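Text of protein-v1.cif (mmCIF, C-alpha atoms; chains and numbers go by the auth columns) as supplied:
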data_work
loop_
_atom_site.group_PDB
_atom_site.id
_atom_site.type_symbol
_atom_site.label_atom_id
_atom_site.label_comp_id
_atom_site.label_asym_id
_atom_site.label_seq_id
_atom_site.Cartn_x
_atom_site.Cartn_y
_atom_site.Cartn_z
_atom_site.B_iso_or_equiv
_atom_site.auth_seq_id
_atom_site.auth_asym_id
ATOM 1 C CA MET A 1 -2.221 -14.050 -32.556 0.00 1 A
ATOM 2 C CA TYR A 2 0.700 -11.784 -31.719 0.00 2 A
ATOM 3 C CA THR A 3 1.563 -11.553 -28.038 0.00 3 A
ATOM 4 C CA THR A 4 0.684 -8.211 -26.489 0.00 4 A
ATOM 5 C CA HIS A 5 3.708 -6.008 -25.748 0.00 5 A
ATOM 6 C CA SER A 6 4.092 -2.399 -24.737 0.00 6 A
ATOM 7 C CA LEU A 7 5.653 -0.027 -27.222 0.00 7 A
ATOM 8 C CA GLN A 8 9.126 1.115 -26.223 0.00 8 A
ATOM 9 C CA PHE A 9 10.733 4.188 -27.800 0.00 9 A
ATOM 10 C CA THR A 10 14.476 3.714 -28.263 0.00 10 A
ATOM 11 C CA SER A 11 15.522 7.012 -29.883 0.00 11 A
ATOM 12 C CA ALA A 12 14.105 10.357 -30.961 0.00 12 A
ATOM 13 C CA THR A 13 15.288 13.076 -33.334 0.00 13 A
ATOM 14 C CA ALA A 14 13.603 16.135 -34.816 0.00 14 A
ATOM 15 C CA SER A 15 14.271 18.083 -37.990 0.00 15 A
ATOM 16 C CA ASP A 16 12.266 20.318 -40.309 0.00 16 A
ATOM 17 C CA GLY A 17 9.259 20.104 -37.998 0.00 17 A
ATOM 18 C CA VAL A 18 9.111 16.291 -38.026 0.00 18 A
ATOM 19 C CA LEU A 19 9.648 14.219 -34.882 0.00 19 A
ATOM 20 C CA GLU A 20 11.096 10.790 -35.728 0.00 20 A
ATOM 21 C CA ARG A 21 11.084 8.065 -33.089 0.00 21 A
ATOM 22 C CA ASP A 22 12.388 4.500 -33.329 0.00 22 A
ATOM 23 C CA PHE A 23 10.452 1.946 -31.314 0.00 23 A
ATOM 24 C CA THR A 24 10.212 -1.730 -30.563 0.00 24 A
ATOM 25 C CA LEU A 25 7.089 -3.772 -29.941 0.00 25 A
ATOM 26 C CA GLY A 26 8.361 -7.060 -28.591 0.00 26 A
ATOM 27 C CA ASP A 27 10.882 -8.154 -31.211 0.00 27 A
ATOM 28 C CA VAL A 28 9.349 -5.998 -33.961 0.00 28 A
ATOM 29 C CA PRO A 29 11.251 -2.775 -34.743 0.00 29 A
ATOM 30 C CA GLY A 30 9.480 0.242 -36.163 0.00 30 A
ATOM 31 C CA VAL A 31 9.555 3.985 -36.733 0.00 31 A
ATOM 32 C CA LEU A 32 7.003 6.664 -35.883 0.00 32 A
ATOM 33 C CA TRP A 33 6.961 10.085 -37.559 0.00 33 A
ATOM 34 C CA SER A 34 4.748 12.907 -36.269 0.00 34 A
ATOM 35 C CA PRO A 35 4.519 16.719 -36.296 0.00 35 A
ATOM 36 C CA GLU A 36 7.058 18.101 -33.830 0.00 36 A
ATOM 37 C CA ALA A 37 4.912 20.930 -32.532 0.00 37 A
ATOM 38 C CA ALA A 38 1.448 19.328 -32.555 0.00 38 A
ATOM 39 C CA ARG A 39 -0.236 18.647 -29.236 0.00 39 A
ATOM 40 C CA ALA A 40 -2.595 16.157 -30.851 0.00 40 A
ATOM 41 C CA ALA A 41 -1.623 13.980 -33.783 0.00 41 A
ATOM 42 C CA GLY A 42 -3.500 13.884 -37.057 0.00 42 A
ATOM 43 C CA PRO A 43 -4.777 10.718 -38.726 0.00 43 A
ATOM 44 C CA LEU A 44 -2.531 7.663 -38.541 0.00 44 A
ATOM 45 C CA LEU A 45 -1.011 6.450 -41.811 0.00 45 A
ATOM 46 C CA LEU A 46 0.540 2.981 -41.779 0.00 46 A
ATOM 47 C CA MET A 47 3.269 2.518 -44.401 0.00 47 A
ATOM 48 C CA GLY A 48 4.420 -0.928 -45.428 0.00 48 A
ATOM 49 C CA HIS A 49 7.668 -1.646 -47.261 0.00 49 A
ATOM 50 C CA GLY A 50 8.242 -3.823 -50.306 0.00 50 A
ATOM 51 C CA GLY A 51 9.827 -7.252 -50.373 0.00 51 A
ATOM 52 C CA GLY A 52 13.520 -7.207 -49.515 0.00 52 A
ATOM 53 C CA LEU A 53 13.297 -3.693 -48.024 0.00 53 A
ATOM 54 C CA HIS A 54 12.668 -2.387 -44.495 0.00 54 A
ATOM 55 C CA ALA A 55 10.957 0.331 -42.472 0.00 55 A
ATOM 56 C CA ARG A 56 13.869 2.726 -42.929 0.00 56 A
ATOM 57 C CA HIS A 57 14.195 2.383 -46.690 0.00 57 A
ATOM 58 C CA PRO A 58 14.925 5.905 -48.026 0.00 58 A
ATOM 59 C CA GLY A 59 11.861 5.960 -50.267 0.00 59 A
ATOM 60 C CA LEU A 60 9.546 5.083 -47.389 0.00 60 A
ATOM 61 C CA VAL A 61 11.216 7.589 -45.065 0.00 61 A
ATOM 62 C CA GLY A 62 10.801 10.326 -47.672 0.00 62 A
ATOM 63 C CA ARG A 63 7.111 9.547 -48.148 0.00 63 A
ATOM 64 C CA ALA A 64 6.546 9.399 -44.387 0.00 64 A
ATOM 65 C CA ARG A 65 8.169 12.753 -43.740 0.00 65 A
ATOM 66 C CA ALA A 66 6.241 14.313 -46.625 0.00 66 A
ATOM 67 C CA ALA A 67 2.938 13.009 -45.229 0.00 67 A
ATOM 68 C CA VAL A 68 3.723 14.600 -41.865 0.00 68 A
ATOM 69 C CA SER A 69 4.860 17.913 -43.364 0.00 69 A
ATOM 70 C CA ARG A 70 2.079 18.282 -45.939 0.00 70 A
ATOM 71 C CA HIS A 71 -0.908 16.914 -44.058 0.00 71 A
ATOM 72 C CA GLY A 72 -0.010 16.638 -40.375 0.00 72 A
ATOM 73 C CA PHE A 73 -0.340 12.861 -40.395 0.00 73 A
ATOM 74 C CA THR A 74 1.297 10.581 -37.873 0.00 74 A
ATOM 75 C CA VAL A 75 3.048 7.816 -39.846 0.00 75 A
ATOM 76 C CA ALA A 76 4.169 4.393 -38.624 0.00 76 A
ATOM 77 C CA ALA A 77 6.213 1.669 -40.294 0.00 77 A
ATOM 78 C CA ILE A 78 7.426 -1.692 -39.000 0.00 78 A
ATOM 79 C CA ASP A 79 9.776 -4.318 -40.408 0.00 79 A
ATOM 80 C CA ALA A 80 7.991 -7.316 -41.904 0.00 80 A
ATOM 81 C CA PRO A 81 9.063 -10.790 -40.718 0.00 81 A
ATOM 82 C CA GLY A 82 12.518 -11.647 -42.057 0.00 82 A
ATOM 83 C CA HIS A 83 13.210 -8.043 -43.111 0.00 83 A
ATOM 84 C CA GLY A 84 15.360 -5.252 -41.729 0.00 84 A
ATOM 85 C CA ASP A 85 16.950 -6.363 -38.469 0.00 85 A
ATOM 86 C CA ARG A 86 14.670 -9.403 -38.184 0.00 86 A
ATOM 87 C CA ALA A 87 16.250 -12.788 -38.849 0.00 87 A
ATOM 88 C CA ARG A 88 15.211 -14.603 -42.016 0.00 88 A
ATOM 89 C CA SER A 89 13.906 -18.126 -41.422 0.00 89 A
ATOM 90 C CA ALA A 90 15.033 -21.203 -43.351 0.00 90 A
ATOM 91 C CA GLU A 91 11.573 -21.323 -44.933 0.00 91 A
ATOM 92 C CA ASP A 92 11.893 -17.695 -46.045 0.00 92 A
ATOM 93 C CA GLN A 93 15.282 -18.417 -47.595 0.00 93 A
ATOM 94 C CA ALA A 94 13.873 -21.388 -49.490 0.00 94 A
ATOM 95 C CA TRP A 95 11.173 -19.150 -51.027 0.00 95 A
ATOM 96 C CA ILE A 96 13.779 -16.573 -52.005 0.00 96 A
ATOM 97 C CA ASP A 97 16.057 -19.183 -53.546 0.00 97 A
ATOM 98 C CA ALA A 98 13.135 -20.564 -55.577 0.00 98 A
ATOM 99 C CA MET A 99 12.261 -17.071 -56.803 0.00 99 A
ATOM 100 C CA LEU A 100 15.837 -16.320 -57.836 0.00 100 A
ATOM 101 C CA ARG A 101 16.177 -19.633 -59.691 0.00 101 A
ATOM 102 C CA ALA A 102 12.960 -18.961 -61.614 0.00 102 A
ATOM 103 C CA ARG A 103 14.003 -15.395 -62.431 0.00 103 A
ATOM 104 C CA ASP A 104 17.443 -16.533 -63.676 0.00 104 A
ATOM 105 C CA ALA A 105 15.777 -19.184 -65.837 0.00 105 A
ATOM 106 C CA GLY A 106 13.365 -16.655 -67.340 0.00 106 A
ATOM 107 C CA GLU A 107 10.392 -18.414 -65.754 0.00 107 A
ATOM 108 C CA PRO A 108 7.342 -16.681 -64.206 0.00 108 A
ATOM 109 C CA ILE A 109 7.860 -15.741 -60.566 0.00 109 A
ATOM 110 C CA ALA A 110 4.476 -14.183 -59.692 0.00 110 A
ATOM 111 C CA GLY A 111 3.097 -17.397 -58.215 0.00 111 A
ATOM 112 C CA ILE A 112 6.201 -18.000 -56.099 0.00 112 A
ATOM 113 C CA VAL A 113 6.278 -14.418 -54.832 0.00 113 A
ATOM 114 C CA SER A 114 2.560 -14.554 -54.069 0.00 114 A
ATOM 115 C CA GLU A 115 2.921 -17.678 -51.936 0.00 115 A
ATOM 116 C CA PHE A 116 5.968 -16.248 -50.165 0.00 116 A
ATOM 117 C CA ASN A 117 4.210 -12.940 -49.472 0.00 117 A
ATOM 118 C CA ALA A 118 1.157 -14.761 -48.165 0.00 118 A
ATOM 119 C CA SER A 119 3.334 -16.674 -45.710 0.00 119 A
ATOM 120 C CA LEU A 120 4.922 -13.421 -44.494 0.00 120 A
ATOM 121 C CA ALA A 121 1.523 -11.729 -44.215 0.00 121 A
ATOM 122 C CA GLU A 122 0.315 -14.493 -41.910 0.00 122 A
ATOM 123 C CA GLY A 123 2.740 -13.230 -39.287 0.00 123 A
ATOM 124 C CA ALA A 124 2.720 -9.564 -40.236 0.00 124 A
ATOM 125 C CA VAL A 125 -1.024 -8.923 -39.954 0.00 125 A
ATOM 126 C CA PRO A 126 -1.202 -9.739 -36.220 0.00 126 A
ATOM 127 C CA GLU A 127 1.926 -7.626 -35.692 0.00 127 A
ATOM 128 C CA TRP A 128 0.338 -4.651 -37.426 0.00 128 A
ATOM 129 C CA ARG A 129 -2.835 -5.079 -35.356 0.00 129 A
ATOM 130 C CA ALA A 130 -0.742 -5.117 -32.177 0.00 130 A
ATOM 131 C CA THR A 131 1.068 -2.008 -33.428 0.00 131 A
ATOM 132 C CA ILE A 132 -2.251 -0.210 -33.916 0.00 132 A
ATOM 133 C CA ASP A 133 -3.276 -1.200 -30.373 0.00 133 A
ATOM 134 C CA ALA A 134 -0.009 0.158 -28.962 0.00 134 A
ATOM 135 C CA LEU A 135 -0.119 3.389 -30.965 0.00 135 A
ATOM 136 C CA GLN A 136 -3.703 4.104 -29.954 0.00 136 A
ATOM 137 C CA ALA A 137 -2.548 3.889 -26.322 0.00 137 A
ATOM 138 C CA LEU A 138 -0.204 6.864 -26.850 0.00 138 A
ATOM 139 C CA PRO A 139 -1.360 10.205 -25.377 0.00 139 A
ATOM 140 C CA GLU A 140 -1.567 11.882 -28.811 0.00 140 A
ATOM 141 C CA LEU A 141 -3.631 9.115 -30.414 0.00 141 A
ATOM 142 C CA ASP A 142 -6.861 7.389 -29.436 0.00 142 A
ATOM 143 C CA SER A 143 -9.403 4.854 -30.609 0.00 143 A
ATOM 144 C CA ASP A 144 -11.104 7.464 -32.805 0.00 144 A
ATOM 145 C CA THR A 145 -7.982 8.166 -34.863 0.00 145 A
ATOM 146 C CA ARG A 146 -8.635 7.614 -38.570 0.00 146 A
ATOM 147 C CA ILE A 147 -6.239 5.053 -40.058 0.00 147 A
ATOM 148 C CA GLY A 148 -4.985 4.484 -43.587 0.00 148 A
ATOM 149 C CA PHE A 149 -2.598 1.891 -45.019 0.00 149 A
ATOM 150 C CA GLN A 150 -0.240 2.387 -47.958 0.00 150 A
ATOM 151 C CA GLY A 151 2.091 -0.075 -49.633 0.00 151 A
ATOM 152 C CA MET A 152 3.171 -1.874 -52.796 0.00 152 A
ATOM 153 C CA THR A 153 4.107 -5.528 -53.479 0.00 153 A
ATOM 154 C CA LEU A 154 4.655 -7.334 -50.148 0.00 154 A
ATOM 155 C CA ALA A 155 3.081 -4.424 -48.275 0.00 155 A
ATOM 156 C CA SER A 156 -0.050 -4.741 -50.426 0.00 156 A
ATOM 157 C CA GLU A 157 -0.392 -8.422 -49.575 0.00 157 A
ATOM 158 C CA ILE A 158 -0.123 -7.499 -45.900 0.00 158 A
ATOM 159 C CA GLY A 159 -2.258 -4.358 -46.121 0.00 159 A
ATOM 160 C CA ILE A 160 -5.165 -5.963 -47.958 0.00 160 A
ATOM 161 C CA ARG A 161 -5.274 -8.823 -45.476 0.00 161 A
ATOM 162 C CA LEU A 162 -5.005 -6.333 -42.602 0.00 162 A
ATOM 163 C CA ALA A 163 -7.875 -4.214 -43.924 0.00 163 A
ATOM 164 C CA ALA A 164 -9.981 -7.353 -44.322 0.00 164 A
ATOM 165 C CA ALA A 165 -9.250 -8.403 -40.729 0.00 165 A
ATOM 166 C CA ASP A 166 -9.350 -5.046 -38.924 0.00 166 A
ATOM 167 C CA SER A 167 -12.152 -2.529 -39.364 0.00 167 A
ATOM 168 C CA ARG A 168 -9.987 0.254 -37.923 0.00 168 A
ATOM 169 C CA VAL A 169 -8.307 0.628 -41.331 0.00 169 A
ATOM 170 C CA SER A 170 -10.564 3.148 -43.077 0.00 170 A
ATOM 171 C CA ALA A 171 -8.735 3.689 -46.409 0.00 171 A
ATOM 172 C CA GLY A 172 -5.949 2.023 -48.367 0.00 172 A
ATOM 173 C CA ILE A 173 -3.572 2.352 -51.316 0.00 173 A
ATOM 174 C CA PHE A 174 -2.359 -0.977 -52.703 0.00 174 A
ATOM 175 C CA GLY A 175 -0.701 -2.272 -55.863 0.00 175 A
ATOM 176 C CA GLY A 176 2.011 -4.268 -57.549 0.00 176 A
ATOM 177 C CA VAL A 177 0.780 -7.583 -56.203 0.00 177 A
ATOM 178 C CA PHE A 178 -0.307 -10.890 -57.774 0.00 178 A
ATOM 179 C CA ALA A 179 -4.039 -11.431 -57.352 0.00 179 A
ATOM 180 C CA SER A 180 -4.208 -14.911 -55.867 0.00 180 A
ATOM 181 C CA GLU A 181 -7.575 -16.472 -55.056 0.00 181 A
ATOM 182 C CA ALA A 182 -6.981 -15.860 -51.346 0.00 182 A
ATOM 183 C CA LEU A 183 -6.126 -12.198 -51.898 0.00 183 A
ATOM 184 C CA LEU A 184 -9.145 -11.688 -54.170 0.00 184 A
ATOM 185 C CA ALA A 185 -11.334 -13.232 -51.466 0.00 185 A
ATOM 186 C CA ALA A 186 -9.891 -10.840 -48.884 0.00 186 A
ATOM 187 C CA ALA A 187 -10.425 -7.861 -51.204 0.00 187 A
ATOM 188 C CA ALA A 188 -14.047 -8.882 -51.709 0.00 188 A
ATOM 189 C CA THR A 189 -14.713 -8.250 -47.991 0.00 189 A
ATOM 190 C CA ILE A 190 -13.286 -4.705 -48.032 0.00 190 A
ATOM 191 C CA THR A 191 -15.723 -1.795 -48.425 0.00 191 A
ATOM 192 C CA VAL A 192 -13.571 1.190 -47.380 0.00 192 A
ATOM 193 C CA PRO A 193 -12.190 3.593 -50.026 0.00 193 A
ATOM 194 C CA VAL A 194 -9.228 2.131 -51.923 0.00 194 A
ATOM 195 C CA GLU A 195 -6.865 3.182 -54.670 0.00 195 A
ATOM 196 C CA ILE A 196 -5.112 0.508 -56.722 0.00 196 A
ATOM 197 C CA LEU A 197 -1.768 1.394 -58.290 0.00 197 A
ATOM 198 C CA LEU A 198 -1.166 -0.503 -61.522 0.00 198 A
ATOM 199 C CA PRO A 199 2.333 -0.397 -63.075 0.00 199 A
ATOM 200 C CA TRP A 200 1.283 -0.843 -66.694 0.00 200 A
ATOM 201 C CA ASP A 201 4.537 -2.241 -68.104 0.00 201 A
ATOM 202 C CA ASP A 202 5.611 -4.516 -65.270 0.00 202 A
ATOM 203 C CA PRO A 203 7.580 -7.525 -66.612 0.00 203 A
ATOM 204 C CA GLU A 204 6.716 -9.710 -63.613 0.00 204 A
ATOM 205 C CA LEU A 205 3.140 -8.720 -62.737 0.00 205 A
ATOM 206 C CA ASP A 206 0.589 -8.866 -65.544 0.00 206 A
ATOM 207 C CA ARG A 207 -2.021 -6.167 -66.011 0.00 207 A
ATOM 208 C CA GLU A 208 -4.865 -8.657 -65.792 0.00 208 A
ATOM 209 C CA SER A 209 -3.905 -9.461 -62.206 0.00 209 A
ATOM 210 C CA GLY A 210 -4.122 -5.803 -61.214 0.00 210 A
ATOM 211 C CA LEU A 211 -7.434 -5.377 -62.990 0.00 211 A
ATOM 212 C CA ALA A 212 -8.838 -8.473 -61.288 0.00 212 A
ATOM 213 C CA LEU A 213 -7.775 -7.134 -57.895 0.00 213 A
ATOM 214 C CA PHE A 214 -9.439 -3.787 -58.562 0.00 214 A
ATOM 215 C CA ASP A 215 -12.634 -5.513 -59.633 0.00 215 A
ATOM 216 C CA ALA A 216 -12.661 -7.725 -56.526 0.00 216 A
ATOM 217 C CA PHE A 217 -12.863 -4.911 -53.965 0.00 217 A
ATOM 218 C CA ALA A 218 -16.393 -4.366 -52.661 0.00 218 A
ATOM 219 C CA SER A 219 -15.697 -0.665 -52.102 0.00 219 A
ATOM 220 C CA LYS A 220 -18.122 1.778 -53.693 0.00 220 A
ATOM 221 C CA ASP A 221 -15.334 4.356 -53.652 0.00 221 A
ATOM 222 C CA LYS A 222 -12.403 2.808 -55.508 0.00 222 A
ATOM 223 C CA THR A 223 -9.937 4.146 -58.049 0.00 223 A
ATOM 224 C CA LEU A 224 -7.599 2.417 -60.495 0.00 224 A
ATOM 225 C CA HIS A 225 -4.440 4.452 -61.058 0.00 225 A
ATOM 226 C CA ALA A 226 -2.399 3.051 -63.952 0.00 226 A
ATOM 227 C CA PHE A 227 0.964 4.490 -64.969 0.00 227 A
ATOM 228 C CA PRO A 228 3.894 3.533 -67.233 0.00 228 A
ATOM 229 C CA GLY A 229 6.734 1.443 -65.853 0.00 229 A
ATOM 230 C CA SER A 230 7.105 -1.311 -63.271 0.00 230 A
ATOM 231 C CA HIS A 231 6.850 -1.737 -59.526 0.00 231 A
ATOM 232 C CA PHE A 232 10.649 -1.521 -59.191 0.00 232 A
ATOM 233 C CA ARG A 233 10.635 2.293 -59.439 0.00 233 A
ATOM 234 C CA VAL A 234 7.369 4.078 -58.783 0.00 234 A
ATOM 235 C CA PRO A 235 7.572 7.897 -59.039 0.00 235 A
ATOM 236 C CA GLU A 236 6.411 9.786 -55.967 0.00 236 A
ATOM 237 C CA THR A 237 3.896 11.644 -58.140 0.00 237 A
ATOM 238 C CA GLN A 238 2.156 8.337 -58.841 0.00 238 A
ATOM 239 C CA ILE A 239 1.861 7.512 -55.128 0.00 239 A
ATOM 240 C CA ASP A 240 0.832 10.834 -53.573 0.00 240 A
ATOM 241 C CA THR A 241 -2.370 11.541 -55.471 0.00 241 A
ATOM 242 C CA GLY A 242 -4.147 13.292 -52.603 0.00 242 A
ATOM 243 C CA PHE A 243 -6.070 10.110 -51.774 0.00 243 A
ATOM 244 C CA PHE A 244 -5.379 10.141 -48.027 0.00 244 A
ATOM 245 C CA ALA A 245 -5.904 13.902 -47.783 0.00 245 A
ATOM 246 C CA ARG A 246 -9.397 13.331 -49.156 0.00 246 A
ATOM 247 C CA HIS A 247 -10.299 10.271 -47.142 0.00 247 A
ATOM 248 C CA LEU A 248 -8.513 10.831 -43.831 0.00 248 A
ATOM 249 C CA LEU A 249 -8.774 14.622 -43.637 0.00 249 A
ATOM 250 C CA ASN A 250 -11.975 15.047 -45.693 0.00 250 A
ATOM 251 C CA LEU A 251 -10.237 17.500 -48.013 0.00 251 A
ATOM 252 C CA THR A 252 -11.522 18.015 -51.532 0.00 252 A
ATOM 253 C CA ALA A 253 -8.117 18.305 -53.181 0.00 253 A
#
Can you present the structure in this file as structure tokens?
Amino acid sequence: MYTTHSLQFTSATASDGVLERDFTLGDVPGVLWSPEAARAAGPLLLMGHGGGLHARHPGLVGRARAAVSRHGFTVAAIDAPGHGDRARSAEDQAWIDAMLRARDAGEPIAGIVSEFNASLAEGAVPEWRATIDALQALPELDSDTRIGFQGMTLASEIGIRLAAADSRVSAGIFGGVFASEALLAAAATITVPVEILLPWDDPELDRESGLALFDAFASKDKTLHAFPGSHFRVPETQIDTGFFARHLLNLTA
């Protein structure tokens, strides 16, 4: 388990009605976005980043700010182990080297990436749970705050395992991830509403894996959202489908 730490804000800026605060939780850096003028925050949306990226990747920042502006959400992101400002371990580097060798040789990489992501998720899930604990201790949030998780690729591996381990996650958007036996088993324990994003033409992740993942979830309310292209560039219109507005705010559209 991750050691309990208090959340420390290290900087704060505001623009266009969005308050953006950098924080640290032990040695884990993160960012929190919230409505600048709100006395009480809306639902909490956790955003994970993809493999090789970080919590301040421009695409994630854009989605976070949009979620605050459009729906009044509070949004949090943290760097996964070995990402952003966090040092990469020798084991992490070995996984990456193996993936790059396979990709250069034209060999399948899904299995390698899946094992690597699973190893990162082992550390990331306790960190996300500690982050939820720390955020719920803030004056504007509490234990009744509704929580969603959104992420592709590495973030999906982490988010699915987090939702399976922590009942506070009440809705999730996942996708672009290899459906290993362990991940399918985790999905089978999840009953909250989910939306699965399926890049239909992905050269590295086969459609059957995405379909198997969708089928594995025990949720009665689940949606498969397939679209052309790969996980390398997912249009914003394919990500913001109104899912969290419906399930965290109880809106009909």
To one decimal place in Å, what is the distance between CA of Thr223 in chain A and CA of Ala171 in chain A?
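Separation of CA of Thr223 in chain A and CA of Ala171 in chain A: 11.7 Å.
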Result set, the PyMOL selection byres ((chain A and resi 156) around 9) on current file, as a PyMOL selection string
chain A and resi 48-50+149-155+157-161+173-177
As a list in words, please: the residues near Pro81 in chain A (cut-off 9 Å, only C-alpha atoms, same-chain neighbours under 6 positions excluded).
Val28, Ala87, Arg88, Ser89, Leu120, Ala121, Gly123 and Ala124 of chain A
Computed interatomic separation between CA of Val169 in chain A and CA of Ser143 in chain A (Å)
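Computing the Euclidean distance for CA of Val169 in chain A and CA of Ser143 in chain A yields 11.6 Å.
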All residues 7 Å or closer to range 108-111 of chain A, all atoms listed in the file, same chain fewer than 5 positions away omitted, as number ranges by chain
A: 99, 102-103, 178, 204-205
Mind dumping the selected residues with C-alpha atoms as a short mmCIF file (atom, residue, chain, number, x, y, z; two decimals), in the coordinates of the input?
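That gives us again_2.cif:
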data_model
loop_
_atom_site.label_atom_id
_atom_site.label_comp_id
_atom_site.auth_asym_id
_atom_site.auth_seq_id
_atom_site.Cartn_x
_atom_site.Cartn_y
_atom_site.Cartn_z
CA MET A 99 12.26 -17.07 -56.80
CA ALA A 102 12.96 -18.96 -61.61
CA ARG A 103 14.00 -15.40 -62.43
CA PHE A 178 -0.31 -10.89 -57.77
CA GLU A 204 6.72 -9.71 -63.61
CA LEU A 205 3.14 -8.72 -62.74
#
Polymer residues at most 6 Å from (0.3, 3.4, -41.6) by all atoms listed in the file, as a PDB file with C-alpha atoms, in the coordinates of the input:
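Below is the file that was written, selection23.pdb:
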ATOM      1  CA  LEU A  44      -2.531   7.663 -38.541  1.00  0.00           C
ATOM      2  CA  LEU A  45      -1.011   6.450 -41.811  1.00  0.00           C
ATOM      3  CA  LEU A  46       0.540   2.981 -41.779  1.00  0.00           C
ATOM      4  CA  MET A  47       3.269   2.518 -44.401  1.00  0.00           C
ATOM      5  CA  VAL A  75       3.048   7.816 -39.846  1.00  0.00           C
ATOM      6  CA  ALA A  76       4.169   4.393 -38.624  1.00  0.00           C
ATOM      7  CA  GLY A 148      -4.985   4.484 -43.587  1.00  0.00           C
ATOM      8  CA  PHE A 149      -2.598   1.891 -45.019  1.00  0.00           C
TER       9      PHE A 149
END
In Å, how far is it from CA of Leu138 in chain A to CA of Phe244 in chain A?
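Atom-to-atom, CA of Leu138 in chain A to CA of Phe244 in chain A, that is 22.0 Å.
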Contact residues around range 166-168 of chain A with only C-alpha atoms at 8 Å, ignoring same-chain residues under 4 positions, as a PyMOL selection string
chain A and resi 129+146-147+162
Prev. selection, C-alpha atoms, output as a PDB file, keeping the file's coordinate frame:
ATOM      1  CA  ARG A 129      -2.835  -5.079 -35.356  1.00  0.00           C
ATOM      2  CA  ARG A 146      -8.635   7.614 -38.570  1.00  0.00           C
ATOM      3  CA  ILE A 147      -6.239   5.053 -40.058  1.00  0.00           C
ATOM      4  CA  LEU A 162      -5.005  -6.333 -42.602  1.00  0.00           C
TER       5      LEU A 162
END
Can you give me, as a ChimeraX atom specification, the residues this file yields under the PyMOL selection byres ((chain A and resi 135) around 12)?
/A:5-9,23-25,30-34,41,43-46,74-77,128-134,136-145,147
For the selection you just gave me, I'd like the residues written to a file as a tab-separated table (two decimals), in the coordinates of the input, keeping C-alpha atoms.
chain	number	residue	atom	x	y	z
A	5	HIS	CA	3.71	-6.01	-25.75
A	6	SER	CA	4.09	-2.40	-24.74
A	7	LEU	CA	5.65	-0.03	-27.22
A	8	GLN	CA	9.13	1.12	-26.22
A	9	PHE	CA	10.73	4.19	-27.80
A	23	PHE	CA	10.45	1.95	-31.31
A	24	THR	CA	10.21	-1.73	-30.56
A	25	LEU	CA	7.09	-3.77	-29.94
A	30	GLY	CA	9.48	0.24	-36.16
A	31	VAL	CA	9.56	3.98	-36.73
A	32	LEU	CA	7.00	6.66	-35.88
A	33	TRP	CA	6.96	10.09	-37.56
A	34	SER	CA	4.75	12.91	-36.27
A	41	ALA	CA	-1.62	13.98	-33.78
A	43	PRO	CA	-4.78	10.72	-38.73
A	44	LEU	CA	-2.53	7.66	-38.54
A	45	LEU	CA	-1.01	6.45	-41.81
A	46	LEU	CA	0.54	2.98	-41.78
A	74	THR	CA	1.30	10.58	-37.87
A	75	VAL	CA	3.05	7.82	-39.85
A	76	ALA	CA	4.17	4.39	-38.62
A	77	ALA	CA	6.21	1.67	-40.29
A	128	TRP	CA	0.34	-4.65	-37.43
A	129	ARG	CA	-2.84	-5.08	-35.36
A	130	ALA	CA	-0.74	-5.12	-32.18
A	131	THR	CA	1.07	-2.01	-33.43
A	132	ILE	CA	-2.25	-0.21	-33.92
A	133	ASP	CA	-3.28	-1.20	-30.37
A	134	ALA	CA	-0.01	0.16	-28.96
A	136	GLN	CA	-3.70	4.10	-29.95
A	137	ALA	CA	-2.55	3.89	-26.32
A	138	LEU	CA	-0.20	6.86	-26.85
A	139	PRO	CA	-1.36	10.20	-25.38
A	140	GLU	CA	-1.57	11.88	-28.81
A	141	LEU	CA	-3.63	9.12	-30.41
A	142	ASP	CA	-6.86	7.39	-29.44
A	143	SER	CA	-9.40	4.85	-30.61
A	144	ASP	CA	-11.10	7.46	-32.80
A	145	THR	CA	-7.98	8.17	-34.86
A	147	ILE	CA	-6.24	5.05	-40.06
I'd like the residues picked by the PyMOL selection byres ((chain A and resi 83) around 9) written out as an MDAnalysis selection string, using the chain letters and numbers from the file.
chainID A and resid 51:55 79:82 84:88
Using the incomplete input, complete range 72-78 of chain A to the level of N, CA and C atoms; output as an mmCIF file, in the coordinates of the input.
data_model
loop_
_atom_site.group_PDB
_atom_site.id
_atom_site.type_symbol
_atom_site.label_atom_id
_atom_site.label_comp_id
_atom_site.auth_asym_id
_atom_site.auth_seq_id
_atom_site.Cartn_x
_atom_site.Cartn_y
_atom_site.Cartn_z
ATOM 1 N N GLY A 72 0.076 16.780 -41.819
ATOM 2 C CA GLY A 72 -0.010 16.638 -40.375
ATOM 3 C C GLY A 72 -0.305 15.231 -39.909
ATOM 4 N N PHE A 73 -0.103 14.248 -40.782
ATOM 5 C CA PHE A 73 -0.340 12.861 -40.395
ATOM 6 C C PHE A 73 0.702 12.405 -39.369
ATOM 7 N N THR A 74 0.337 11.394 -38.595
ATOM 8 C CA THR A 74 1.297 10.581 -37.873
ATOM 9 C C THR A 74 1.498 9.334 -38.723
ATOM 10 N N VAL A 75 2.743 8.933 -38.953
ATOM 11 C CA VAL A 75 3.048 7.816 -39.846
ATOM 12 C C VAL A 75 3.839 6.753 -39.092
ATOM 13 N N ALA A 76 3.466 5.499 -39.266
ATOM 14 C CA ALA A 76 4.169 4.393 -38.624
ATOM 15 C C ALA A 76 4.573 3.352 -39.653
ATOM 16 N N ALA A 77 5.737 2.770 -39.454
ATOM 17 C CA ALA A 77 6.213 1.669 -40.294
ATOM 18 C C ALA A 77 6.888 0.645 -39.397
ATOM 19 N N ILE A 78 6.731 -0.632 -39.723
ATOM 20 C CA ILE A 78 7.426 -1.692 -39.000
ATOM 21 C C ILE A 78 8.083 -2.623 -40.013
#
